[in-house]
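Undergrad: PDB, C-alpha atoms and all ligand atoms, file upload34.pdb:
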ATOM      1  CA  MET A  57      52.988 170.858 144.486  1.00  0.00           C
ATOM      2  CA  GLY A  58      49.844 170.918 146.617  1.00  0.00           C
ATOM      3  CA  GLY A  59      46.505 172.200 145.460  1.00  0.00           C
ATOM      4  CA  LEU A  60      46.226 170.164 142.302  1.00  0.00           C
ATOM      5  CA  LEU A  61      43.063 170.585 140.305  1.00  0.00           C
ATOM      6  CA  HIS A  62      40.660 167.708 140.435  1.00  0.00           C
ATOM      7  CA  PRO A  63      40.908 165.786 137.156  1.00  0.00           C
ATOM      8  CA  GLY A  64      38.213 166.877 134.731  1.00  0.00           C
ATOM      9  CA  SER A  65      37.279 165.718 131.286  1.00  0.00           C
ATOM     10  CA  PRO A  66      40.281 164.173 129.532  1.00  0.00           C
ATOM     11  CA  GLY A  67      39.068 165.701 126.240  1.00  0.00           C
ATOM     12  CA  ARG A  68      39.632 164.706 122.633  1.00  0.00           C
ATOM     13  CA  ALA A  69      42.933 162.890 123.063  1.00  0.00           C
ATOM     14  CA  ALA A  70      41.365 160.422 125.453  1.00  0.00           C
ATOM     15  CA  SER A  71      40.237 158.466 122.424  1.00  0.00           C
ATOM     16  CA  ARG A  72      43.888 157.508 121.900  1.00  0.00           C
ATOM     17  CA  GLY A  73      43.898 155.462 125.077  1.00  0.00           C
ATOM     18  CA  ARG A  74      42.361 155.638 128.505  1.00  0.00           C
ATOM     19  CA  PRO A  75      44.408 156.785 131.483  1.00  0.00           C
ATOM     20  CA  ASP A  76      44.639 153.626 133.535  1.00  0.00           C
ATOM     21  CA  GLY A  77      47.713 153.808 135.685  1.00  0.00           C
ATOM     22  CA  ARG A  78      49.359 155.783 138.419  1.00  0.00           C
ATOM     23  CA  LEU A  79      52.698 157.444 138.089  1.00  0.00           C
ATOM     24  CA  LEU A  80      55.278 157.611 140.849  1.00  0.00           C
ATOM     25  CA  VAL A  81      56.089 161.315 140.866  1.00  0.00           C
ATOM     26  CA  ALA A  82      58.851 163.117 142.746  1.00  0.00           C
ATOM     27  CA  GLU A  83      57.837 166.656 141.787  1.00  0.00           C
ATOM     28  CA  ILE A  84      56.061 168.753 139.195  1.00  0.00           C
ATOM     29  CA  PHE A  85      57.237 172.318 138.798  1.00  0.00           C
ATOM     30  CA  GLY A  86      57.307 175.339 136.554  1.00  0.00           C
ATOM     31  CA  PRO A  87      57.084 177.513 134.713  1.00  0.00           C
ATOM     32  CA  THR A  88      60.843 177.623 134.540  1.00  0.00           C
ATOM     33  CA  PHE A  89      63.474 177.394 131.826  1.00  0.00           C
ATOM     34  CA  GLN A  90      64.702 174.130 130.406  1.00  0.00           C
ATOM     35  CA  GLY A  91      68.286 174.358 131.616  1.00  0.00           C
ATOM     36  CA  GLU A  92      70.079 171.807 129.453  1.00  0.00           C
ATOM     37  CA  GLY A  93      70.489 170.530 125.929  1.00  0.00           C
ATOM     38  CA  PRO A  94      68.873 171.488 122.625  1.00  0.00           C
ATOM     39  CA  SER A  95      65.919 173.248 124.264  1.00  0.00           C
ATOM     40  CA  ALA A  96      67.939 175.197 126.860  1.00  0.00           C
ATOM     41  CA  GLY A  97      66.276 178.497 127.598  1.00  0.00           C
ATOM     42  CA  ARG A  98      62.759 177.424 126.590  1.00  0.00           C
ATOM     43  CA  LEU A  99      59.868 178.012 128.951  1.00  0.00           C
ATOM     44  CA  ALA A 100      58.972 174.623 130.375  1.00  0.00           C
ATOM     45  CA  ALA A 101      56.947 172.578 132.812  1.00  0.00           C
ATOM     46  CA  PHE A 102      58.807 169.719 134.495  1.00  0.00           C
ATOM     47  CA  VAL A 103      57.462 166.351 135.582  1.00  0.00           C
ATOM     48  CA  ARG A 104      60.110 164.553 137.603  1.00  0.00           C
ATOM     49  CA  LEU A 105      59.361 160.879 138.107  1.00  0.00           C
ATOM     50  CA  SER A 106      60.778 158.921 140.991  1.00  0.00           C
ATOM     51  CA  ARG A 107      63.107 155.901 140.905  1.00  0.00           C
ATOM     52  CA  CYS A 108      66.183 155.072 138.846  1.00  0.00           C
ATOM     53  CA  GLN A 109      68.020 151.832 138.098  1.00  0.00           C
ATOM     54  CA  LEU A 110      71.438 153.544 138.184  1.00  0.00           C
ATOM     55  CA  ALA A 111      73.280 155.255 141.041  1.00  0.00           C
ATOM     56  CA  CYS A 112      75.627 157.822 139.523  1.00  0.00           C
ATOM     57  CA  GLY A 113      78.180 159.290 141.896  1.00  0.00           C
ATOM     58  CA  TRP A 114      77.391 162.895 140.983  1.00  0.00           C
ATOM     59  CA  CYS A 115      73.616 162.472 140.620  1.00  0.00           C
ATOM     60  CA  ASP A 116      71.811 165.732 141.416  1.00  0.00           C
ATOM     61  CA  THR A 117      68.443 164.066 142.074  1.00  0.00           C
ATOM     62  CA  PRO A 118      69.320 161.308 144.571  1.00  0.00           C
ATOM     63  CA  TYR A 119      65.980 161.873 146.309  1.00  0.00           C
ATOM     64  CA  THR A 120      64.418 159.934 143.404  1.00  0.00           C
ATOM     65  CA  TRP A 121      66.304 156.695 144.088  1.00  0.00           C
ATOM     66  CA  ASP A 122      68.796 156.678 146.990  1.00  0.00           C
ATOM     67  CA  ARG A 123      67.148 154.754 149.813  1.00  0.00           C
ATOM     68  CA  THR A 124      70.265 155.055 151.983  1.00  0.00           C
ATOM     69  CA  ARG A 125      69.910 158.833 152.229  1.00  0.00           C
ATOM     70  CA  TYR A 126      66.229 159.518 151.578  1.00  0.00           C
ATOM     71  CA  ASP A 127      62.838 158.234 152.575  1.00  0.00           C
ATOM     72  CA  LEU A 128      61.547 157.481 149.084  1.00  0.00           C
ATOM     73  CA  GLN A 129      57.972 157.103 150.336  1.00  0.00           C
ATOM     74  CA  ALA A 130      58.093 160.648 151.624  1.00  0.00           C
ATOM     75  CA  GLU A 131      59.909 161.919 148.542  1.00  0.00           C
ATOM     76  CA  SER A 132      57.338 160.651 146.040  1.00  0.00           C
ATOM     77  CA  ARG A 133      53.631 160.281 145.531  1.00  0.00           C
ATOM     78  CA  ARG A 134      51.350 158.230 143.326  1.00  0.00           C
ATOM     79  CA  MET A 135      49.367 160.366 140.915  1.00  0.00           C
ATOM     80  CA  SER A 136      46.958 159.370 138.198  1.00  0.00           C
ATOM     81  CA  GLU A 137      47.924 160.310 134.672  1.00  0.00           C
ATOM     82  CA  ALA A 138      44.990 162.740 134.643  1.00  0.00           C
ATOM     83  CA  GLU A 139      46.218 164.438 137.842  1.00  0.00           C
ATOM     84  CA  VAL A 140      49.651 164.872 136.301  1.00  0.00           C
ATOM     85  CA  TRP A 141      48.144 166.264 133.102  1.00  0.00           C
ATOM     86  CA  HIS A 142      46.058 168.806 135.001  1.00  0.00           C
ATOM     87  CA  ALA A 143      49.090 169.940 136.973  1.00  0.00           C
ATOM     88  CA  VAL A 144      51.102 170.313 133.756  1.00  0.00           C
ATOM     89  CA  LYS A 145      48.293 172.129 131.989  1.00  0.00           C
ATOM     90  CA  ALA A 146      47.980 174.580 134.864  1.00  0.00           C
ATOM     91  CA  ILE A 147      51.650 175.532 134.482  1.00  0.00           C
ATOM     92  CA  GLY A 148      50.951 176.744 130.965  1.00  0.00           C
ATOM     93  CA  ALA A 149      54.326 176.258 129.253  1.00  0.00           C
ATOM     94  CA  GLY A 150      54.723 175.122 125.658  1.00  0.00           C
ATOM     95  CA  LEU A 151      57.399 172.567 126.531  1.00  0.00           C
ATOM     96  CA  VAL A 152      56.801 169.656 128.892  1.00  0.00           C
ATOM     97  CA  VAL A 153      59.948 167.921 130.123  1.00  0.00           C
ATOM     98  CA  ILE A 154      59.485 164.469 131.625  1.00  0.00           C
ATOM     99  CA  THR A 155      62.562 163.648 133.633  1.00  0.00           C
ATOM    100  CA  GLY A 156      63.688 161.689 136.669  1.00  0.00           C
ATOM    101  CA  GLY A 157      65.074 159.541 138.026  1.00  0.00           C
ATOM    102  CA  GLU A 158      64.610 157.377 134.977  1.00  0.00           C
ATOM    103  CA  PRO A 159      61.207 158.106 133.415  1.00  0.00           C
ATOM    104  CA  LEU A 160      61.270 155.213 130.948  1.00  0.00           C
ATOM    105  CA  LEU A 161      60.901 152.819 133.897  1.00  0.00           C
ATOM    106  CA  GLN A 162      57.277 154.030 133.840  1.00  0.00           C
ATOM    107  CA  GLN A 163      56.937 154.485 130.108  1.00  0.00           C
ATOM    108  CA  ASP A 164      53.698 152.537 129.655  1.00  0.00           C
ATOM    109  CA  ARG A 165      51.957 155.041 131.909  1.00  0.00           C
ATOM    110  CA  LEU A 166      53.401 158.048 130.063  1.00  0.00           C
ATOM    111  CA  VAL A 167      51.845 157.492 126.646  1.00  0.00           C
ATOM    112  CA  TRP A 168      48.443 158.941 127.507  1.00  0.00           C
ATOM    113  CA  LEU A 169      50.059 161.974 129.146  1.00  0.00           C
ATOM    114  CA  ALA A 170      52.255 162.583 126.112  1.00  0.00           C
ATOM    115  CA  ASP A 171      49.236 162.231 123.835  1.00  0.00           C
ATOM    116  CA  MET A 172      47.336 164.784 125.913  1.00  0.00           C
ATOM    117  CA  CYS A 173      50.264 167.205 125.736  1.00  0.00           C
ATOM    118  CA  ARG A 174      50.504 166.809 121.990  1.00  0.00           C
ATOM    119  CA  ALA A 175      46.764 167.283 121.481  1.00  0.00           C
ATOM    120  CA  ALA A 176      46.997 170.501 123.502  1.00  0.00           C
ATOM    121  CA  GLY A 177      49.867 171.794 121.375  1.00  0.00           C
ATOM    122  CA  ARG A 178      52.560 171.135 123.968  1.00  0.00           C
ATOM    123  CA  ARG A 179      55.932 169.763 122.969  1.00  0.00           C
ATOM    124  CA  THR A 180      57.033 166.805 125.105  1.00  0.00           C
ATOM    125  CA  GLU A 181      60.614 165.731 125.718  1.00  0.00           C
ATOM    126  CA  ILE A 182      61.781 162.795 127.801  1.00  0.00           C
ATOM    127  CA  GLU A 183      65.133 162.861 129.558  1.00  0.00           C
ATOM    128  CA  THR A 184      66.525 159.355 129.882  1.00  0.00           C
ATOM    129  CA  ASN A 185      69.778 157.686 130.855  1.00  0.00           C
ATOM    130  CA  GLY A 186      69.561 155.620 127.666  1.00  0.00           C
ATOM    131  CA  ALA A 187      69.653 152.248 129.390  1.00  0.00           C
ATOM    132  CA  VAL A 188      65.981 151.354 128.889  1.00  0.00           C
ATOM    133  CA  VAL A 189      64.499 150.307 125.535  1.00  0.00           C
ATOM    134  CA  PRO A 190      61.672 152.712 124.629  1.00  0.00           C
ATOM    135  CA  SER A 191      58.378 151.299 123.406  1.00  0.00           C
ATOM    136  CA  ARG A 192      57.028 152.172 119.987  1.00  0.00           C
ATOM    137  CA  ALA A 193      54.096 153.873 121.685  1.00  0.00           C
ATOM    138  CA  ILE A 194      56.144 156.287 123.760  1.00  0.00           C
ATOM    139  CA  ALA A 195      58.561 156.969 120.911  1.00  0.00           C
ATOM    140  CA  GLY A 196      55.624 157.897 118.711  1.00  0.00           C
ATOM    141  CA  ALA A 197      54.028 160.147 121.307  1.00  0.00           C
ATOM    142  CA  ILE A 198      56.916 162.473 122.138  1.00  0.00           C
ATOM    143  CA  ARG A 199      59.014 164.993 120.213  1.00  0.00           C
ATOM    144  CA  ARG A 200      62.474 164.186 121.514  1.00  0.00           C
ATOM    145  CA  PHE A 201      64.492 161.962 123.783  1.00  0.00           C
ATOM    146  CA  ASN A 202      67.314 163.795 125.514  1.00  0.00           C
ATOM    147  CA  VAL A 203      69.539 160.789 126.080  1.00  0.00           C
ATOM    148  CA  SER A 204      72.230 161.192 128.714  1.00  0.00           C
ATOM    149  CA  LEU A 205      74.388 158.098 128.336  1.00  0.00           C
ATOM    150  CA  LYS A 206      76.602 157.841 131.370  1.00  0.00           C
ATOM    151  CA  LEU A 207      80.380 157.852 131.090  1.00  0.00           C
ATOM    152  CA  ALA A 208      82.921 156.190 133.382  1.00  0.00           C
ATOM    153  CA  ASN A 209      82.936 159.388 135.487  1.00  0.00           C
ATOM    154  CA  SER A 210      79.494 158.347 136.797  1.00  0.00           C
ATOM    155  CA  GLY A 211      81.087 155.495 138.741  1.00  0.00           C
ATOM    156  CA  MET A 212      78.671 153.024 137.156  1.00  0.00           C
ATOM    157  CA  PRO A 213      80.062 149.833 135.583  1.00  0.00           C
ATOM    158  CA  ALA A 214      79.818 149.868 131.784  1.00  0.00           C
ATOM    159  CA  PRO A 215      77.416 146.891 131.493  1.00  0.00           C
ATOM    160  CA  ARG A 216      74.872 148.744 133.645  1.00  0.00           C
ATOM    161  CA  ARG A 217      75.111 152.180 132.032  1.00  0.00           C
ATOM    162  CA  LEU A 218      75.598 151.151 128.385  1.00  0.00           C
ATOM    163  CA  ARG A 219      72.895 148.849 127.022  1.00  0.00           C
ATOM    164  CA  PRO A 220      73.485 148.425 123.294  1.00  0.00           C
ATOM    165  CA  GLU A 221      69.908 147.333 122.584  1.00  0.00           C
ATOM    166  CA  ALA A 222      68.558 150.471 124.273  1.00  0.00           C
ATOM    167  CA  ILE A 223      71.050 152.785 122.573  1.00  0.00           C
ATOM    168  CA  ARG A 224      70.230 151.335 119.152  1.00  0.00           C
ATOM    169  CA  ALA A 225      66.499 151.482 119.800  1.00  0.00           C
ATOM    170  CA  LEU A 226      66.711 155.147 120.859  1.00  0.00           C
ATOM    171  CA  ALA A 227      68.892 156.004 117.858  1.00  0.00           C
ATOM    172  CA  SER A 228      66.430 154.292 115.515  1.00  0.00           C
ATOM    173  CA  THR A 229      63.591 156.577 116.630  1.00  0.00           C
ATOM    174  CA  GLY A 230      65.317 159.501 114.900  1.00  0.00           C
ATOM    175  CA  LYS A 231      64.273 161.591 117.922  1.00  0.00           C
ATOM    176  CA  ALA A 232      67.346 161.314 120.135  1.00  0.00           C
ATOM    177  CA  ALA A 233      69.793 164.043 121.125  1.00  0.00           C
ATOM    178  CA  TRP A 234      72.831 162.638 122.974  1.00  0.00           C
ATOM    179  CA  LYS A 235      73.852 164.665 125.992  1.00  0.00           C
ATOM    180  CA  PHE A 236      76.942 163.735 127.993  1.00  0.00           C
ATOM    181  CA  VAL A 237      77.810 164.924 131.471  1.00  0.00           C
ATOM    182  CA  VAL A 238      81.518 165.752 131.483  1.00  0.00           C
ATOM    183  CA  THR A 239      83.806 166.445 134.417  1.00  0.00           C
ATOM    184  CA  SER A 240      86.957 167.257 132.420  1.00  0.00           C
ATOM    185  CA  PRO A 241      88.180 167.402 128.800  1.00  0.00           C
ATOM    186  CA  ALA A 242      89.688 163.940 129.370  1.00  0.00           C
ATOM    187  CA  ASP A 243      86.133 162.530 129.150  1.00  0.00           C
ATOM    188  CA  LEU A 244      85.731 163.620 125.537  1.00  0.00           C
ATOM    189  CA  ASP A 245      87.626 160.682 124.004  1.00  0.00           C
ATOM    190  CA  GLU A 246      85.119 158.321 125.612  1.00  0.00           C
ATOM    191  CA  ILE A 247      82.298 160.220 123.886  1.00  0.00           C
ATOM    192  CA  THR A 248      84.129 159.974 120.550  1.00  0.00           C
ATOM    193  CA  GLU A 249      84.367 156.219 120.975  1.00  0.00           C
ATOM    194  CA  LEU A 250      80.631 155.930 121.735  1.00  0.00           C
ATOM    195  CA  GLN A 251      79.719 158.272 118.898  1.00  0.00           C
ATOM    196  CA  GLN A 252      81.670 156.131 116.438  1.00  0.00           C
ATOM    197  CA  ARG A 253      80.394 152.835 117.801  1.00  0.00           C
ATOM    198  CA  TYR A 254      76.709 153.787 117.700  1.00  0.00           C
ATOM    199  CA  GLY A 255      76.587 156.634 115.161  1.00  0.00           C
ATOM    200  CA  LEU A 256      75.304 159.140 117.731  1.00  0.00           C
ATOM    201  CA  ASP A 257      74.171 162.509 116.389  1.00  0.00           C
ATOM    202  CA  PRO A 258      73.747 165.225 117.508  1.00  0.00           C
ATOM    203  CA  VAL A 259      76.143 165.232 120.471  1.00  0.00           C
ATOM    204  CA  TRP A 260      75.758 167.730 123.292  1.00  0.00           C
ATOM    205  CA  VAL A 261      78.369 168.136 126.010  1.00  0.00           C
ATOM    206  CA  MET A 262      77.335 169.448 129.400  1.00  0.00           C
ATOM    207  CA  PRO A 263      79.612 170.282 132.328  1.00  0.00           C
ATOM    208  CA  GLU A 264      78.949 168.471 135.583  1.00  0.00           C
ATOM    209  CA  GLY A 265      78.421 170.744 138.566  1.00  0.00           C
ATOM    210  CA  THR A 266      75.922 172.054 141.067  1.00  0.00           C
ATOM    211  CA  THR A 267      77.313 175.575 141.451  1.00  0.00           C
ATOM    212  CA  SER A 268      77.539 178.362 138.899  1.00  0.00           C
ATOM    213  CA  ASP A 269      81.293 178.616 139.546  1.00  0.00           C
ATOM    214  CA  GLN A 270      81.820 174.950 138.633  1.00  0.00           C
ATOM    215  CA  ILE A 271      79.648 175.210 135.521  1.00  0.00           C
ATOM    216  CA  LEU A 272      81.402 178.318 134.222  1.00  0.00           C
ATOM    217  CA  ARG A 273      84.891 176.987 134.947  1.00  0.00           C
ATOM    218  CA  ARG A 274      84.183 173.702 133.195  1.00  0.00           C
ATOM    219  CA  MET A 275      82.521 175.396 130.232  1.00  0.00           C
ATOM    220  CA  HIS A 276      85.667 177.463 129.748  1.00  0.00           C
ATOM    221  CA  GLU A 277      87.779 174.275 129.845  1.00  0.00           C
ATOM    222  CA  LEU A 278      85.483 172.434 127.441  1.00  0.00           C
ATOM    223  CA  ALA A 279      84.616 175.106 124.887  1.00  0.00           C
ATOM    224  CA  ASP A 280      87.607 174.762 122.554  1.00  0.00           C
ATOM    225  CA  PRO A 281      87.921 170.947 122.659  1.00  0.00           C
ATOM    226  CA  VAL A 282      84.168 170.602 122.050  1.00  0.00           C
ATOM    227  CA  LEU A 283      84.333 173.041 119.141  1.00  0.00           C
ATOM    228  CA  ALA A 284      87.256 171.095 117.688  1.00  0.00           C
ATOM    229  CA  ARG A 285      85.128 167.936 117.631  1.00  0.00           C
ATOM    230  CA  GLY A 286      82.176 169.677 115.986  1.00  0.00           C
ATOM    231  CA  TRP A 287      79.823 169.096 118.913  1.00  0.00           C
ATOM    232  CA  ASN A 288      77.402 171.276 120.833  1.00  0.00           C
ATOM    233  CA  LEU A 289      77.981 172.671 124.313  1.00  0.00           C
ATOM    234  CA  THR A 290      75.167 173.265 126.764  1.00  0.00           C
ATOM    235  CA  PRO A 291      75.228 175.058 130.114  1.00  0.00           C
ATOM    236  CA  ARG A 292      73.094 174.109 133.059  1.00  0.00           C
ATOM    237  CA  LEU A 293      71.140 177.318 132.884  1.00  0.00           C
ATOM    238  CA  HIS A 294      69.154 176.633 136.065  1.00  0.00           C
ATOM    239  CA  THR A 295      72.444 176.192 137.963  1.00  0.00           C
ATOM    240  CA  LEU A 296      73.860 179.425 136.560  1.00  0.00           C
ATOM    241  CA  LEU A 297      70.691 181.224 137.644  1.00  0.00           C
ATOM    242  CA  TRP A 298      69.674 179.516 140.888  1.00  0.00           C
ATOM    243  CA  GLU A 299      72.609 177.289 141.949  1.00  0.00           C
ATOM    244  CA  ASP A 300      71.247 173.953 143.236  1.00  0.00           C
ATOM    245  CA  ALA A 301      67.793 175.179 144.282  1.00  0.00           C
ATOM    246  CA  ARG A 302      65.260 172.389 143.949  1.00  0.00           C
ATOM    247  CA  GLY A 303      62.197 172.891 141.766  1.00  0.00           C
ATOM    248  CA  ARG A 304      63.739 175.572 139.505  1.00  0.00           C
TER     249      ARG A 304
HETATM  250  S1  LIG B 401      70.780 158.045 135.664  1.00  0.00           S
HETATM  251 FE1  LIG B 401      70.258 160.150 136.222  1.00  0.00          FE
HETATM  252  S2  LIG B 401      68.763 159.983 137.920  1.00  0.00           S
HETATM  253 FE2  LIG B 401      69.754 157.976 137.658  1.00  0.00          FE
HETATM  254  S3  LIG B 401      71.419 158.008 139.164  1.00  0.00           S
HETATM  255 FE3  LIG B 401      72.281 158.671 137.180  1.00  0.00          FE
HETATM  256  S4  LIG B 401      72.126 160.912 137.189  1.00  0.00           S
HETATM  257 FE4  LIG B 401      70.773 160.134 138.830  1.00  0.00          FE
END
Please, can you express the file's structure as structure tokens?
TA:
Amino acid sequence: MGGLLHPGSPGRAASRGRPDGRLLVAEIFGPTFQGEGPSAGRLAAFVRLSRCQLACGWCDTPYTWDRTRYDLQAESRRMSEAEVWHAVKAIGAGLVVITGGEPLLQQDRLVWLADMCRAAGRRTEIETNGAVVPSRAIAGAIRRFNVSLKLANSGMPAPRRLRPEAIRALASTGKAAWKFVVTSPADLDEITELQQRYGLDPVWVMPEGTTSDQILRRMHELADPVLARGWNLTPRLHTLLWEDARGR
């Protein structure tokens, strides 16, 4: 991600709020395809923020939070909002995906960036674990939250991964799509229970896996049970195409 343009004029959208913070960024990459969920297949730029408050057993981005295995100082850098915007703009994709880690841990510093994207005709989506209450400002600035509530298969205790106030706040924005990482069809009853408890819609089911073989095998296992429940099924397109290559 070297060779970033020096921040220039912030332009018209700057009137919505001045960039005044620095984001802790793991990586910015693209153009590539959004691999998961309702926008799978769309040309996208990715901003991956560092740090997460959870520690899922199958996490595929542990370099954003796992101090026991990674040097987080080396794996992240502080960037101004304007630097991030210029990097995103240079990628030139219509969809900007802000992911992590858990990006809502830095949500106050994302509003200006999302406003800039919107003013430039870019669609912005935030991928969140659903355990942080979004502010009104960030909810107003983006097009969709892709909310990946964690199931028991994550290894996280329920009180840490399921925060009712955050789930209700995300649902109330009317901008949430609910994407669940599933390791076997046995996980689907847990999703049904959450869907009924919180009125989650739409539901997307995604197979867990970091190889194309795992993704395809699990999609075959899940297809019929997911259809029977009237839900959506998403691949991990980047895994099917590039296995676990970072920055794709
Ligand atoms: S919430 Fe996401 S980034 Fe955080 S540990 Fe779980 S899978 Fe990884």
Undergrad: Go through A:Ser136, A:Thr155, A:Asn288, A:Ser191 one by one, measure the shortest atom-to-atom distance of each to ligand LIG 401 (chain B) using all atoms listed in the file, and give the residue with the smallest value.
TA: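 Comparing A:Ser136, A:Thr155, A:Asn288, A:Ser191 against ligand LIG 401 (chain B), the winner is A:Thr155.
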Undergrad: Do you know which residues are at most 7 Å from A:Lys231 counting only C-alpha atoms, after dropping those on the same chain fewer than 3 positions away, and could you put them as an MDAnalysis selection string?
TA: chainID A and resid 199:201
Undergrad: Report, as AutoDock Vina command-line options, the centre and edge lengths in Å (one decimal) of the axis-aligned box enclosing every listed atom of ligand LIG 401 (chain B), padded by 3 Å on each side.
TA:
--center_x 70.5 --center_y 159.4 --center_z 137.4 --size_x 9.5 --size_y 8.9 --size_z 9.5
Undergrad: Give the residues close to ligand LIG 401 (chain B), within 6 Å, counting all atoms listed in the file; write them as a PyMOL selection string.
TA: chain A and resi 108+110-112+115+117+156-158+185
Undergrad: Got a sec to resolve the PyMOL selection byres (((chain A and resi 270-274) around 8) and not hetatm) on this structure and send the residues as a PDB file with C-alpha atoms, keeping the file's coordinate frame?
TA:
ATOM      1  CA  THR A 239      83.806 166.445 134.417  1.00  0.00           C
ATOM      2  CA  SER A 240      86.957 167.257 132.420  1.00  0.00           C
ATOM      3  CA  PRO A 263      79.612 170.282 132.328  1.00  0.00           C
ATOM      4  CA  GLU A 264      78.949 168.471 135.583  1.00  0.00           C
ATOM      5  CA  GLY A 265      78.421 170.744 138.566  1.00  0.00           C
ATOM      6  CA  THR A 266      75.922 172.054 141.067  1.00  0.00           C
ATOM      7  CA  THR A 267      77.313 175.575 141.451  1.00  0.00           C
ATOM      8  CA  SER A 268      77.539 178.362 138.899  1.00  0.00           C
ATOM      9  CA  ASP A 269      81.293 178.616 139.546  1.00  0.00           C
ATOM     10  CA  MET A 275      82.521 175.396 130.232  1.00  0.00           C
ATOM     11  CA  HIS A 276      85.667 177.463 129.748  1.00  0.00           C
ATOM     12  CA  GLU A 277      87.779 174.275 129.845  1.00  0.00           C
ATOM     13  CA  LEU A 278      85.483 172.434 127.441  1.00  0.00           C
ATOM     14  CA  PRO A 291      75.228 175.058 130.114  1.00  0.00           C
ATOM     15  CA  ARG A 292      73.094 174.109 133.059  1.00  0.00           C
ATOM     16  CA  THR A 295      72.444 176.192 137.963  1.00  0.00           C
ATOM     17  CA  LEU A 296      73.860 179.425 136.560  1.00  0.00           C
TER      18      LEU A 296
END
Undergrad: Which residue gives the smallest distance to A:Ala143 among A:Val203, A:Val103, A:Ile194, A:Ala130, with only C-alpha atoms counted?
TA: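 Of the candidates, the smallest distance to A:Ala143 is held by A:Val103.
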Undergrad: Identify all residues satisfying the PyMOL selection byres (((chain A and resi 221-229) around 8) and not hetatm) in the given file; provide them as a list in words.
TA: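 For this structure, the PyMOL selection byres (((chain A and resi 221-229) around 8) and not hetatm) resolves to Gly186, Ala187, Val188, Val189, Pro190, Ala195, Phe201, Leu218, Arg219, Pro220, Gly230, Lys231, Ala232, Tyr254 and Leu256 of chain A.
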Undergrad: Can you pull out every residue within 9 Å of A:Pro94, counting only C-alpha atoms, but drop anything in the same chain fewer than 2 positions away, and send it as an NGL selection string?
TA: :A and (92 or 96-97 or 202 or 233 or 260 or 288 or 290)
Undergrad: Quote the spacing between atom CA of A:Arg178 and atom CA of A:Ala146 in Å to one decimal place.
TA: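 Rounded to one decimal, the two atoms are 12.3 Å apart.
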Undergrad: Which residue gives the smallest distance to A:His294 among A:Ser210, A:Gln251, A:Thr88, A:Ser132, with all atoms listed in the file counted?
TA: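 For A:His294, the nearest of the given residues is A:Thr88.
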Undergrad: Name all residues at most 8 Å from A:Gly148 (count all atoms listed in the file; drop same-chain ones fewer than 3 positions away) and give them as a list in words.
TA: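 Everything that qualifies: Pro87, Ala101, Val144 and Lys145 of chain A.
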Undergrad: From the set A:Ala214, A:Leu105, A:Val237, A:Met135, which residue has the shortest atom-to-atom contact distance to A:Ile182, counting all atoms listed in the file?
TA: A:Leu105
Undergrad: If you apply the PyMOL selection byres (((chain A and resi 242) around 12) and not hetatm) to this file, what residues do you get, as a list of chain:residue names?
TA: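 This file, filtered by the PyMOL selection byres (((chain A and resi 242) around 12) and not hetatm), leaves A:Leu207, A:Ala208, A:Asn209, A:Val238, A:Thr239, A:Ser240, A:Pro241, A:Asp243, A:Leu244, A:Asp245, A:Glu246, A:Ile247, A:Thr248, A:Arg274, A:Glu277, A:Leu278, A:Pro281, A:Val282.
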Undergrad: So which residues touch A:Ser204 within 6 Å, counting all atoms listed in the file, skipping near sequence neighbours fewer than 6 positions away, as a PDB file with C-alpha atoms, keeping the file's coordinate frame?
TA:
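What ended up in selection.pdb:
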ATOM      1  CA  ASN A 185      69.778 157.686 130.855  1.00  0.00           C
ATOM      2  CA  TRP A 234      72.831 162.638 122.974  1.00  0.00           C
ATOM      3  CA  LYS A 235      73.852 164.665 125.992  1.00  0.00           C
ATOM      4  CA  PHE A 236      76.942 163.735 127.993  1.00  0.00           C
TER       5      PHE A 236
END
